[in-house]
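Text of my_file.cif, listed as mmCIF, C-alpha atoms:
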data_query
#
loop_
_atom_site.label_atom_id
_atom_site.label_comp_id
_atom_site.auth_asym_id
_atom_site.auth_seq_id
_atom_site.Cartn_x
_atom_site.Cartn_y
_atom_site.Cartn_z
CA THR A 1 28.31 1.62 0.02
CA TYR A 2 29.73 3.66 2.90
CA THR A 3 32.00 1.90 5.38
CA ALA A 4 32.96 3.18 8.84
CA THR A 5 35.71 1.54 10.90
CA VAL A 6 35.71 1.47 14.70
CA THR A 7 38.93 0.81 16.64
CA ARG A 8 39.21 -0.22 20.31
CA ASP A 9 42.04 -0.26 22.81
CA SER A 10 43.22 -3.27 24.83
CA ASN A 11 40.39 -2.71 27.33
CA TRP A 12 37.77 -2.74 24.57
CA ASN A 13 37.20 0.95 24.97
CA GLY A 14 36.56 2.96 21.86
CA THR A 15 34.36 5.62 20.37
CA ALA A 16 33.56 6.62 16.86
CA GLU A 17 31.39 9.24 15.27
CA ASP A 18 30.52 9.74 11.66
CA ILE A 19 28.28 12.37 10.12
CA THR A 20 27.66 11.97 6.42
CA ALA A 21 25.68 14.61 4.57
CA ILE A 22 23.86 13.38 1.47
CA ASP A 23 22.91 16.05 -1.02
CA ALA A 24 19.77 14.68 -2.65
CA HIS A 25 18.92 15.88 -6.13
CA GLY A 26 16.39 13.46 -7.55
CA TYR A 27 14.48 14.55 -10.64
CA PRO A 28 11.10 12.81 -11.15
CA ILE A 29 10.33 12.10 -14.81
CA ALA A 30 6.94 10.79 -15.96
CA TRP A 31 5.42 9.50 -19.17
CA GLY A 32 2.25 7.78 -20.35
CA TRP A 33 -1.37 8.60 -19.57
CA ASN A 34 -1.81 12.22 -18.54
CA SER A 35 -5.55 12.93 -18.74
CA TYR A 36 -5.55 13.96 -15.08
CA GLY A 37 -2.09 15.50 -14.98
CA GLN A 38 -0.50 12.43 -13.39
CA SER A 39 2.45 12.67 -15.79
CA SER A 40 2.86 16.45 -15.42
CA VAL A 41 5.67 16.63 -12.87
CA PRO A 42 5.52 19.98 -11.05
CA VAL A 43 7.99 22.43 -12.55
CA GLY A 44 11.04 22.87 -10.34
CA LEU A 45 10.66 19.58 -8.45
CA LYS A 46 14.26 18.41 -8.24
CA ASN A 47 14.97 17.19 -4.73
CA GLY A 48 13.11 13.91 -4.73
CA VAL A 49 14.32 10.82 -2.90
CA ALA A 50 11.41 8.44 -3.59
CA ILE A 51 8.38 8.20 -5.89
CA ALA A 52 5.04 6.40 -6.07
CA ALA A 53 2.45 6.05 -8.84
CA GLY A 54 -1.23 5.56 -8.10
CA GLY A 55 -4.22 5.02 -10.33
CA TYR A 56 -4.28 8.55 -11.71
CA HIS A 57 -1.95 10.46 -9.39
CA SER A 58 1.72 10.59 -8.47
CA LEU A 59 3.74 11.21 -5.31
CA ALA A 60 7.31 12.29 -4.65
CA LEU A 61 9.08 12.28 -1.31
CA LYS A 62 11.39 15.26 -1.05
CA SER A 63 14.75 15.34 0.70
CA ASP A 64 13.36 17.64 3.40
CA GLY A 65 10.85 14.98 4.45
CA THR A 66 7.82 16.59 2.81
CA VAL A 67 5.62 15.16 0.06
CA ALA A 68 4.68 16.56 -3.36
CA ALA A 69 1.58 15.21 -5.12
CA TRP A 70 -0.01 15.82 -8.51
CA GLY A 71 -2.67 14.38 -10.81
CA GLY A 72 -6.31 13.41 -10.20
CA ASP A 73 -7.74 14.69 -6.93
CA TRP A 74 -11.45 13.82 -6.93
CA ALA A 75 -11.01 11.90 -3.66
CA GLY A 76 -8.38 14.18 -2.14
CA GLN A 77 -5.54 11.80 -3.01
CA THR A 78 -3.21 14.70 -3.85
CA ASN A 79 -4.30 16.86 -0.90
CA VAL A 80 -1.21 16.26 1.22
CA PRO A 81 -2.12 16.86 4.87
CA VAL A 82 -1.04 20.29 6.08
CA GLY A 83 2.12 20.10 8.17
CA LEU A 84 3.09 16.60 7.08
CA LYS A 85 6.84 16.25 7.52
CA ASN A 86 9.55 13.82 8.59
CA VAL A 87 8.37 11.35 5.94
CA LEU A 88 10.57 8.38 5.03
CA ALA A 89 8.47 6.60 2.38
CA VAL A 90 5.33 7.05 0.26
CA ALA A 91 2.86 4.72 -1.43
CA ALA A 92 -0.06 5.33 -3.78
CA GLY A 93 -3.21 3.26 -4.31
CA SER A 94 -5.96 3.79 -6.82
CA ASP A 95 -7.32 6.92 -5.17
CA HIS A 96 -5.52 7.08 -1.83
CA SER A 97 -2.03 7.89 -0.57
CA LEU A 98 0.17 6.75 2.31
CA ALA A 99 3.19 8.26 4.04
CA LEU A 100 5.52 6.60 6.55
CA LYS A 101 6.97 8.99 9.11
CA SER A 102 10.31 8.75 10.88
CA ASP A 103 8.56 7.94 14.17
CA GLY A 104 7.19 4.72 12.66
CA THR A 105 3.62 5.95 12.22
CA VAL A 106 1.56 6.03 9.02
CA VAL A 107 -0.50 8.90 7.62
CA ALA A 108 -3.17 8.27 4.96
CA TRP A 109 -5.40 10.50 2.85
CA GLY A 110 -7.73 10.30 -0.16
CA ASP A 111 -10.55 7.87 -0.88
CA ASN A 112 -11.77 5.93 2.15
CA GLY A 113 -14.74 4.11 0.65
CA ASN A 114 -13.30 0.79 1.81
CA GLY A 115 -11.46 1.91 4.92
CA GLN A 116 -8.12 2.08 3.11
CA THR A 117 -7.14 5.30 4.89
CA ASN A 118 -8.33 4.12 8.32
CA VAL A 119 -4.87 3.49 9.74
CA PRO A 120 -5.27 1.05 12.67
CA VAL A 121 -5.23 2.85 16.02
CA GLY A 122 -1.91 2.46 17.77
CA LEU A 123 0.00 1.27 14.72
CA THR A 124 3.68 2.07 15.33
CA ASN A 125 7.16 0.73 14.56
CA VAL A 126 6.36 0.63 10.84
CA VAL A 127 9.34 0.37 8.48
CA ALA A 128 7.67 -0.04 5.06
CA ILE A 129 4.29 0.57 3.42
CA ALA A 130 2.38 -0.42 0.28
CA ALA A 131 -0.94 0.56 -1.26
CA GLY A 132 -3.21 -1.57 -3.44
CA LEU A 133 -6.36 -0.68 -5.30
CA TRP A 134 -8.41 -0.17 -2.14
CA HIS A 135 -6.25 -1.66 0.61
CA SER A 136 -3.09 -0.76 2.53
CA LEU A 137 -0.16 -2.68 4.03
CA ALA A 138 2.38 -1.85 6.72
CA LEU A 139 5.50 -3.82 7.64
CA LYS A 140 6.55 -3.52 11.26
CA SER A 141 10.10 -3.63 12.61
CA ASP A 142 9.47 -7.07 14.11
CA GLY A 143 8.91 -8.52 10.64
CA THR A 144 5.11 -8.80 10.89
CA VAL A 145 2.55 -7.29 8.51
CA VAL A 146 -0.60 -5.27 9.24
CA ALA A 147 -3.26 -4.78 6.54
CA TRP A 148 -6.51 -2.81 6.31
CA GLY A 149 -9.12 -1.69 3.80
CA TYR A 150 -10.99 -3.65 1.13
CA ASN A 151 -11.00 -7.38 1.85
CA ASN A 152 -13.56 -8.99 -0.45
CA ASP A 153 -10.76 -11.02 -2.02
CA GLY A 154 -8.79 -11.67 1.17
CA GLU A 155 -6.10 -9.12 0.36
CA THR A 156 -5.94 -7.96 3.99
CA ASN A 157 -6.05 -11.50 5.45
CA VAL A 158 -2.38 -11.67 6.37
CA PRO A 159 -1.40 -15.36 6.61
CA ALA A 160 -1.27 -16.57 10.20
CA GLY A 161 2.26 -16.82 11.55
CA LEU A 162 3.83 -14.71 8.80
CA THR A 163 7.10 -13.33 10.21
CA ASN A 164 10.60 -12.34 9.12
CA VAL A 165 9.21 -10.11 6.37
CA VAL A 166 11.59 -7.50 4.93
CA THR A 167 9.32 -5.73 2.42
CA VAL A 168 5.74 -5.75 1.11
CA ALA A 169 3.89 -4.96 -2.12
CA ALA A 170 0.23 -4.56 -3.07
CA GLY A 171 -1.63 -5.10 -6.35
CA TRP A 172 -5.26 -4.47 -7.19
CA VAL A 173 -6.64 -7.20 -4.94
CA HIS A 174 -3.59 -9.14 -3.82
CA SER A 175 -0.64 -8.69 -1.48
CA LEU A 176 2.97 -9.87 -1.45
CA ALA A 177 5.61 -10.24 1.26
CA LEU A 178 9.32 -10.90 0.82
CA LYS A 179 10.87 -12.84 3.69
CA SER A 180 14.42 -12.62 4.98
CA ASP A 181 15.18 -16.07 3.58
CA GLY A 182 14.53 -14.84 0.03
CA THR A 183 11.13 -16.49 -0.40
CA VAL A 184 7.85 -14.80 -1.35
CA VAL A 185 4.43 -15.17 0.26
CA ALA A 186 1.27 -14.06 -1.57
CA TRP A 187 -2.41 -13.81 -0.61
CA GLY A 188 -5.68 -12.27 -1.77
CA GLY A 189 -7.47 -12.37 -5.12
CA ASP A 190 -6.04 -14.76 -7.69
CA PRO A 191 -8.07 -14.40 -10.92
CA GLY A 192 -4.93 -14.12 -12.99
CA GLY A 193 -2.69 -16.40 -10.95
CA GLN A 194 -0.96 -13.44 -9.31
CA THR A 195 -0.72 -15.22 -5.94
CA ASP A 196 0.58 -18.47 -7.45
CA VAL A 197 4.22 -17.98 -6.49
CA PRO A 198 6.38 -20.14 -8.78
CA ALA A 199 7.49 -23.34 -7.07
CA GLY A 200 11.08 -23.18 -5.88
CA LEU A 201 11.38 -19.41 -6.14
CA THR A 202 14.22 -18.39 -3.80
CA ASN A 203 17.01 -15.84 -3.48
CA VAL A 204 14.57 -12.98 -4.11
CA VAL A 205 15.77 -9.49 -3.16
CA ALA A 206 12.94 -7.27 -4.45
CA ILE A 207 9.23 -7.61 -5.26
CA ALA A 208 6.44 -5.60 -6.86
CA ALA A 209 2.77 -6.09 -7.62
CA GLY A 210 0.91 -4.96 -10.72
CA GLY A 211 -2.81 -5.00 -11.29
CA TRP A 212 -3.18 -8.75 -11.82
CA HIS A 213 0.46 -9.82 -11.87
CA SER A 214 3.47 -10.14 -9.58
CA LEU A 215 7.19 -9.51 -10.05
CA ALA A 216 10.40 -10.54 -8.30
CA VAL A 217 14.10 -9.82 -8.70
CA LYS A 218 16.59 -12.53 -7.68
CA SER A 219 20.00 -11.94 -6.14
CA SER A 220 21.52 -12.85 -9.50
CA GLY A 221 19.82 -9.80 -11.03
CA THR A 222 17.43 -11.95 -13.04
CA PHE A 223 13.71 -11.32 -13.18
CA VAL A 224 10.67 -13.51 -12.54
CA ALA A 225 7.03 -12.62 -13.30
CA TRP A 226 3.74 -14.47 -12.87
CA GLY A 227 0.00 -13.85 -13.05
CA GLN A 228 -2.22 -12.47 -15.77
CA ASP A 229 -0.54 -11.75 -19.07
CA PHE A 230 -3.17 -9.38 -20.46
CA ALA A 231 -0.78 -7.50 -22.73
CA GLY A 232 2.60 -9.09 -22.19
CA ASP A 233 2.89 -7.70 -18.65
CA THR A 234 4.61 -10.91 -17.48
CA ASP A 235 6.61 -11.46 -20.68
CA VAL A 236 10.01 -10.58 -19.28
CA PRO A 237 12.24 -9.29 -22.12
CA ALA A 238 14.87 -11.80 -23.19
CA GLY A 239 18.29 -11.08 -21.79
CA LEU A 240 17.09 -8.84 -18.98
CA LYS A 241 19.63 -9.04 -16.16
CA ASP A 242 21.46 -6.86 -13.64
CA VAL A 243 18.08 -5.63 -12.39
CA VAL A 244 18.15 -3.71 -9.09
CA ALA A 245 14.52 -2.58 -8.78
CA VAL A 246 11.12 -3.55 -10.14
CA ALA A 247 7.70 -1.89 -10.43
CA GLY A 248 4.29 -2.94 -11.68
CA GLY A 249 1.53 -0.88 -13.26
CA ASP A 250 -1.96 -2.11 -13.98
CA TYR A 251 -0.99 -3.95 -17.17
CA HIS A 252 2.69 -3.06 -17.60
CA SER A 253 5.98 -3.71 -15.84
CA LEU A 254 9.21 -1.80 -15.26
CA ALA A 255 12.76 -2.82 -14.39
CA LEU A 256 15.63 -0.61 -13.30
CA ASN A 257 19.05 -1.88 -14.34
CA SER A 258 22.26 -1.38 -12.39
CA ASP A 259 23.52 1.02 -15.06
CA GLY A 260 20.58 3.38 -14.46
CA THR A 261 18.63 2.43 -17.57
CA VAL A 262 14.94 1.49 -17.46
CA VAL A 263 13.19 -1.28 -19.38
CA ALA A 264 9.38 -1.36 -19.70
CA TRP A 265 7.00 -3.85 -21.30
CA GLY A 266 3.32 -4.81 -21.39
CA TYR A 267 0.31 -2.70 -22.34
CA ASN A 268 1.24 0.52 -24.09
CA GLY A 269 -2.10 2.09 -24.95
CA TRP A 270 -1.11 5.35 -23.26
CA GLY A 271 2.62 5.23 -23.95
CA GLU A 272 3.43 3.90 -20.48
CA THR A 273 6.22 1.68 -21.80
CA ASN A 274 7.77 4.40 -23.98
CA VAL A 275 10.82 5.02 -21.81
CA PRO A 276 12.36 8.42 -22.68
CA ALA A 277 15.30 8.07 -25.02
CA GLY A 278 18.68 8.63 -23.41
CA LEU A 279 17.52 7.90 -19.86
CA THR A 280 20.59 6.40 -18.16
CA ASN A 281 20.54 7.80 -14.63
CA GLY A 282 17.48 6.27 -12.99
CA VAL A 283 17.60 5.43 -9.29
CA ALA A 284 13.95 4.48 -8.63
CA ILE A 285 10.86 3.50 -10.66
CA ALA A 286 7.09 3.32 -10.18
CA GLY A 287 4.10 2.22 -12.27
CA GLY A 288 0.52 3.51 -12.20
CA THR A 289 -2.65 2.64 -14.08
CA GLY A 290 -1.35 3.97 -17.39
CA HIS A 291 1.69 6.03 -16.53
CA SER A 292 5.26 5.45 -15.37
CA LEU A 293 7.70 7.33 -13.17
CA VAL A 294 11.44 7.31 -12.77
CA LEU A 295 13.58 9.22 -10.32
CA ALA A 296 16.71 10.41 -12.11
CA SER A 297 19.90 11.32 -10.26
CA SER A 298 20.58 14.39 -12.35
CA ALA A 299 18.63 16.86 -14.44
CA PRO A 300 17.67 15.73 -17.93
CA SER A 301 20.23 16.89 -20.46
CA ALA A 302 17.44 17.83 -22.83
CA ILE A 303 14.16 19.70 -22.37
CA ALA A 304 11.55 17.14 -21.31
CA THR A 305 8.21 18.18 -22.83
CA THR A 306 4.93 16.28 -22.69
CA ILE A 307 2.33 16.47 -25.45
CA THR A 308 -1.01 14.98 -24.44
CA THR A 309 -4.77 15.11 -24.92
CA SER A 310 -7.71 15.34 -22.55
CA ASP A 311 -9.13 11.89 -23.33
CA CYS A 312 -6.53 9.92 -25.24
CA GLU A 313 -7.20 11.37 -28.69
CA SER A 314 -4.55 11.37 -31.44
CA PHE A 315 -2.27 14.27 -32.28
CA GLU A 316 0.73 15.12 -34.43
CA VAL A 317 4.17 16.35 -33.48
CA ASP A 318 6.38 17.51 -36.32
CA GLY A 319 4.22 15.55 -38.76
CA THR A 320 4.23 12.24 -36.89
CA THR A 321 1.00 10.89 -35.40
CA TYR A 322 0.84 9.79 -31.76
CA GLY A 323 -1.90 8.81 -29.32
CA CYS A 324 -2.77 9.77 -25.76
CA SER A 325 0.48 11.17 -24.37
CA VAL A 326 4.16 11.26 -25.31
CA LEU A 327 7.20 12.64 -23.50
CA PHE A 328 9.81 14.23 -25.78
CA ASP A 329 13.42 15.17 -24.99
CA TRP A 330 14.17 18.22 -27.11
CA THR A 331 17.14 20.49 -27.50
CA LYS A 332 16.64 23.72 -25.62
CA GLY A 333 15.23 26.43 -27.86
CA SER A 334 14.25 24.05 -30.68
CA ALA A 335 10.97 24.71 -32.52
CA HIS A 336 8.28 22.06 -33.02
CA THR A 337 4.81 21.92 -34.54
CA ILE A 338 1.97 20.35 -32.57
CA ALA A 339 -1.39 19.68 -34.18
CA THR A 340 -4.50 17.56 -33.91
CA THR A 341 -7.60 16.82 -35.96
CA SER A 342 -11.27 17.37 -35.30
CA PRO A 343 -13.63 15.65 -35.01
CA GLN A 344 -12.29 12.29 -33.84
CA THR A 345 -14.34 9.19 -33.06
CA GLY A 346 -13.94 6.31 -30.65
CA GLY A 347 -16.14 4.01 -28.60
CA GLY A 348 -19.21 5.19 -30.43
CA ASN A 349 -18.61 8.80 -29.44
CA THR A 350 -17.39 11.88 -31.27
CA TYR A 351 -14.72 14.17 -29.84
CA ASN A 352 -14.44 17.78 -30.97
CA PHE A 353 -11.32 19.86 -30.44
CA THR A 354 -11.82 22.93 -28.23
CA SER A 355 -8.35 24.31 -27.45
CA TRP A 356 -4.70 23.73 -26.67
CA SER A 357 -3.63 24.48 -23.10
CA ASP A 358 -1.29 27.23 -24.32
CA GLY A 359 -4.07 28.91 -26.33
CA GLY A 360 -2.52 28.09 -29.69
CA ALA A 361 -4.36 27.22 -32.87
CA ILE A 362 -5.25 23.61 -33.71
CA SER A 363 -1.85 23.49 -35.47
CA HIS A 364 0.89 25.77 -34.18
CA LYS A 365 4.57 26.02 -33.28
CA ILE A 366 6.06 25.77 -29.81
CA HIS A 367 9.61 26.15 -28.50
CA ALA A 368 11.38 23.93 -26.00
CA THR A 369 12.38 26.33 -23.26
CA THR A 370 11.62 24.86 -19.83
CA ALA A 371 11.81 21.22 -18.77
CA GLY A 372 8.57 19.78 -17.46
CA GLU A 373 6.21 21.72 -19.70
CA THR A 374 3.02 20.02 -20.84
CA TYR A 375 0.85 20.94 -23.82
CA THR A 376 -2.65 19.45 -23.68
CA ALA A 377 -5.21 19.32 -26.51
CA TYR A 378 -8.69 19.56 -25.01
CA PHE A 379 -11.73 17.88 -26.57
CA THR A 380 -15.42 17.73 -25.75
CA GLU A 381 -17.34 14.47 -26.07
CA THR A 382 -20.55 14.09 -28.01
CA PRO A 383 -22.48 10.80 -27.57
#
Could you take the file, read its structure, and then write that structure out as C-alpha cells?
Amino acid sequence: TYTATVTRDSNWNGTAEDITAIDAHGYPIAWGWNSYGQSSVPVGLKNGVAIAAGGYHSLALKSDGTVAAWGGDWAGQTNVPVGLKNVLAVAAGSDHSLALKSDGTVVAWGDNGNGQTNVPVGLTNVVAIAAGLWHSLALKSDGTVVAWGYNNDGETNVPAGLTNVVTVAAGWVHSLALKSDGTVVAWGGDPGGQTDVPAGLTNVVAIAAGGWHSLAVKSSGTFVAWGQDFAGDTDVPAGLKDVVAVAGGDYHSLALNSDGTVVAWGYNGWGETNVPAGLTNGVAIAGGTGHSLVLASSAPSAIATTITTSDCESFEVDGTTYGCSVLFDWTKGSAHTIATTSPQTGGGNTYNFTSWSDGGAISHKIHATTAGETYTAYFTETP
C-alpha cells in the first residue's frame, strides 16, 4: 500500500505531485502438461507483471506493456499481433487470446470459429477482460459487462440490468461477475452446477472459473467452490485461509496465499497440481487445461528444469518414475539421469521412443545449468 498526503492552506489551495517508479521483475514459472510447450517458459523472461493460461498456451504481460506467448499455435493463439503495446491485462481461452490496452480497447487473436475474437465494434472504456472456452468477456468502467463469441449455452447472455460489476471470469461455457457489494452473479451452461452460486454467499473479493466449476475468495481469506467435482476440483483443502487470489483450470484449482505460497488440488494427470517445492514468492496464478502458472517476485533460487514427453508417456529421473511432465528445482551444476522406456502402450495404441530433444540416448545424464530448460522425450504413435 502506498499512501500520499495532500495538504491545503486556509483558502483550500494546495498541490501535490507524486511519481513512483515500480521496478517489475516477475518470473513466470509453469508446470504440468507440456505436450505443446505450454509449460516451457521462454528463457530469459523475467519482467512479467501478469499471466494467463489457456487450453494449451500461456501468456505473460511484460512490464513494458508488451505480451509474450508460448505453447500451441495451431489457431494463431500465440501469434501476438505485431506492434501490440500499452497492454494492461491479458486473458487466454481455449485457442484464443485477449489483451486490454491502456486506452480501454481490446485486441483479440487466435481461433475465431465462434466469433470469440470478433471484438464488438466501438467497444471502449474496458477495465477488465476474461476468456472462456470459446467466448470472451469485457468489463466496462461503468460496471456493465459485454460478452461475445459462442453462446449455445447462454454464456454471452449477460443478465439484464447487471451493473456495479468489479471483475469478471469465464469458464468453459459459463460466466461469472463479482459485484461491488461482494455478491456473485453467474450465467451460461450449468451441467455441473457451476452457475449455482451458493445461497447467502457475500463478502467476496475475488472470483475464478474453471472448466465446470467456480471459485470465490471471501474478505476473510476463506475459499468457496461449487460446480462439478470431477477430480476433487471443488474439494477445498481443509484449513485453507489467508487466500489473496484464485485460479481455475479445466479440472483443477489454485489458491495464492498471502505469504506467497501456492496450493493446488483437483485432477493431477499431467502434474498440474504438483506445485514446485520451495515456492514462497508467488504474486499471481493461472490455470490452463492441464498446466499451471505462477508469477514469482524473484528468480528461483534453484535451476528450474522441466522433464516431459510428447504425449504424456512415462519417464524416469534419477531412477524415479514419473508421467507426462514434471518441473524440478535443482542445484546449479548438479548432474541427473533422465530415461524412458520403449515401447509404451495406452488407449489401445503403442508409442515408440524416437529421441530426446537434446539428442541424448534413451538414458543419459544432463546437468542443471540454465533455469527454464526443458528436456522432451519424443514418441511416435502406432495404432
Residues within 10 Å of Leu240 (chain A), please, as a count of residues only. Count only C-alpha atoms; anything in the same chain fewer than 4 positions from it doesn't count. 7
Please enumerate the residues selected by the PyMOL selection byres ((chain A and resi 361) around 12) when evaluated against the supplied file, formatted as a PyMOL selection string. chain A and resi 337-341+353-360+362-366+377-378
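Nearest-residue note for Ile29 (chain A): choosing from A:Gly227, A:Pro42, A:Gly113, A:Gly193, the minimum distance belongs to A:Pro42, counting only C-alpha atoms.
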Residue contacts of region 50-67 of chain A (8 Å, all atoms listed in the file) excluding same-chain residues fewer than 4 positions away, as number ranges by chain: A: 24, 28, 36-39, 71-73, 77-78, 80, 84-97, 133, 284-295
With C-alpha atoms retained, could you export that selection as a PDB file, in the coordinates of the input?
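As written to disk, part36.pdb reads:
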ATOM      1  CA  ALA A  24      19.770  14.680  -2.650  1.00  0.00           C
ATOM      2  CA  PRO A  28      11.100  12.810 -11.150  1.00  0.00           C
ATOM      3  CA  TYR A  36      -5.550  13.960 -15.080  1.00  0.00           C
ATOM      4  CA  GLY A  37      -2.090  15.500 -14.980  1.00  0.00           C
ATOM      5  CA  GLN A  38      -0.500  12.430 -13.390  1.00  0.00           C
ATOM      6  CA  SER A  39       2.450  12.670 -15.790  1.00  0.00           C
ATOM      7  CA  GLY A  71      -2.670  14.380 -10.810  1.00  0.00           C
ATOM      8  CA  GLY A  72      -6.310  13.410 -10.200  1.00  0.00           C
ATOM      9  CA  ASP A  73      -7.740  14.690  -6.930  1.00  0.00           C
ATOM     10  CA  GLN A  77      -5.540  11.800  -3.010  1.00  0.00           C
ATOM     11  CA  THR A  78      -3.210  14.700  -3.850  1.00  0.00           C
ATOM     12  CA  VAL A  80      -1.210  16.260   1.220  1.00  0.00           C
ATOM     13  CA  LEU A  84       3.090  16.600   7.080  1.00  0.00           C
ATOM     14  CA  LYS A  85       6.840  16.250   7.520  1.00  0.00           C
ATOM     15  CA  ASN A  86       9.550  13.820   8.590  1.00  0.00           C
ATOM     16  CA  VAL A  87       8.370  11.350   5.940  1.00  0.00           C
ATOM     17  CA  LEU A  88      10.570   8.380   5.030  1.00  0.00           C
ATOM     18  CA  ALA A  89       8.470   6.600   2.380  1.00  0.00           C
ATOM     19  CA  VAL A  90       5.330   7.050   0.260  1.00  0.00           C
ATOM     20  CA  ALA A  91       2.860   4.720  -1.430  1.00  0.00           C
ATOM     21  CA  ALA A  92      -0.060   5.330  -3.780  1.00  0.00           C
ATOM     22  CA  GLY A  93      -3.210   3.260  -4.310  1.00  0.00           C
ATOM     23  CA  SER A  94      -5.960   3.790  -6.820  1.00  0.00           C
ATOM     24  CA  ASP A  95      -7.320   6.920  -5.170  1.00  0.00           C
ATOM     25  CA  HIS A  96      -5.520   7.080  -1.830  1.00  0.00           C
ATOM     26  CA  SER A  97      -2.030   7.890  -0.570  1.00  0.00           C
ATOM     27  CA  LEU A 133      -6.360  -0.680  -5.300  1.00  0.00           C
ATOM     28  CA  ALA A 284      13.950   4.480  -8.630  1.00  0.00           C
ATOM     29  CA  ILE A 285      10.860   3.500 -10.660  1.00  0.00           C
ATOM     30  CA  ALA A 286       7.090   3.320 -10.180  1.00  0.00           C
ATOM     31  CA  GLY A 287       4.100   2.220 -12.270  1.00  0.00           C
ATOM     32  CA  GLY A 288       0.520   3.510 -12.200  1.00  0.00           C
ATOM     33  CA  THR A 289      -2.650   2.640 -14.080  1.00  0.00           C
ATOM     34  CA  GLY A 290      -1.350   3.970 -17.390  1.00  0.00           C
ATOM     35  CA  HIS A 291       1.690   6.030 -16.530  1.00  0.00           C
ATOM     36  CA  SER A 292       5.260   5.450 -15.370  1.00  0.00           C
ATOM     37  CA  LEU A 293       7.700   7.330 -13.170  1.00  0.00           C
ATOM     38  CA  VAL A 294      11.440   7.310 -12.770  1.00  0.00           C
ATOM     39  CA  LEU A 295      13.580   9.220 -10.320  1.00  0.00           C
TER      40      LEU A 295
END
For the file shown, what are the residues hit by the PyMOL selection byres ((chain A and resi 281) around 7), laid out as a PDB file with C-alpha atoms, in the frame of the given file?
ATOM      1  CA  GLY A 260      20.580   3.380 -14.460  1.00  0.00           C
ATOM      2  CA  THR A 261      18.630   2.430 -17.570  1.00  0.00           C
ATOM      3  CA  LEU A 279      17.520   7.900 -19.860  1.00  0.00           C
ATOM      4  CA  THR A 280      20.590   6.400 -18.160  1.00  0.00           C
ATOM      5  CA  GLY A 282      17.480   6.270 -12.990  1.00  0.00           C
ATOM      6  CA  VAL A 283      17.600   5.430  -9.290  1.00  0.00           C
ATOM      7  CA  ALA A 296      16.710  10.410 -12.110  1.00  0.00           C
ATOM      8  CA  SER A 297      19.900  11.320 -10.260  1.00  0.00           C
ATOM      9  CA  SER A 298      20.580  14.390 -12.350  1.00  0.00           C
TER      10      SER A 298
END
I'd like the contact shell of Asp235 (chain A) - 12 Å cut-off, all atoms listed in the file, skipping same-chain residues fewer than 3 positions apart - returned as a ChimeraX atom specification. /A:213-215,223-232,238-240,251-254,264-267
Hey, what's within 7 Å of Gly76 (chain A) if we count all atoms listed in the file and toss same-chain stuff fewer than 4 positions away? As a PyMOL selection string, please? chain A and resi 109-111
What lies within 8 Å of region 146-159 of chain A using only C-alpha atoms, ignoring chain neighbours under 6 positions off, as a VMD selection string? chain A and resid 114 to 120 134 to 140 173 to 175 187 to 189
Enter the distance from CA of Phe379 (chain A) to CA of Ser310 (chain A), in Å, rounded to one decimal.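 Rounded to one decimal, the two atoms are 6.2 Å apart.
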Could you check the closest approach to Asp142 (chain A) for each of A:Lys179, A:His336, A:Lys101, A:Lys218 and tell me which residue wins, using all atoms listed in the file? A:Lys179
Ranking A:Asp242, A:Asp318, A:Asp233, A:Glu313 by minimum distance to Asn349 (chain A) and counting only C-alpha atoms, which one comes first?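 Between A:Asp242, A:Asp318, A:Asp233, A:Glu313, the residue approaching Asn349 (chain A) most closely is A:Glu313.
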Go through A:Val197, A:Ala206, A:Ala131, A:Ala277 and flag the residue nearest Val244 (chain A), using all atoms listed in the file for the distances.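 Looking at the shortest contact to Val244 (chain A), the residue is A:Ala206.
Considering only C-alpha atoms, the residue among A:Val185, A:Ser141, A:Thr273, A:Ala208 positioned nearest to Ala170 (chain A) is A:Ala208.
Computed from the coordinates, the CA of Val106 (chain A) to CA of Trp74 (chain A) distance equals 22.0 Å.
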Calculate, to one decimal in Å, the centre and edge lengths of the box along x, y and z of the file that holds all listed atoms of region 255-271 of chain A with 4 Å of margin on each side, and present them as AutoDock Vina command-line options.
--center_x 10.7 --center_y 0.3 --center_z -18.7 --size_x 33.6 --size_y 18.2 --size_z 20.6
Calculate how many Å separate CA of Gly48 (chain A) from CA of Gly372 (chain A), rounding to one decimal.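 According to the coordinates, CA of Gly48 (chain A) and CA of Gly372 (chain A) are separated by 14.7 Å.
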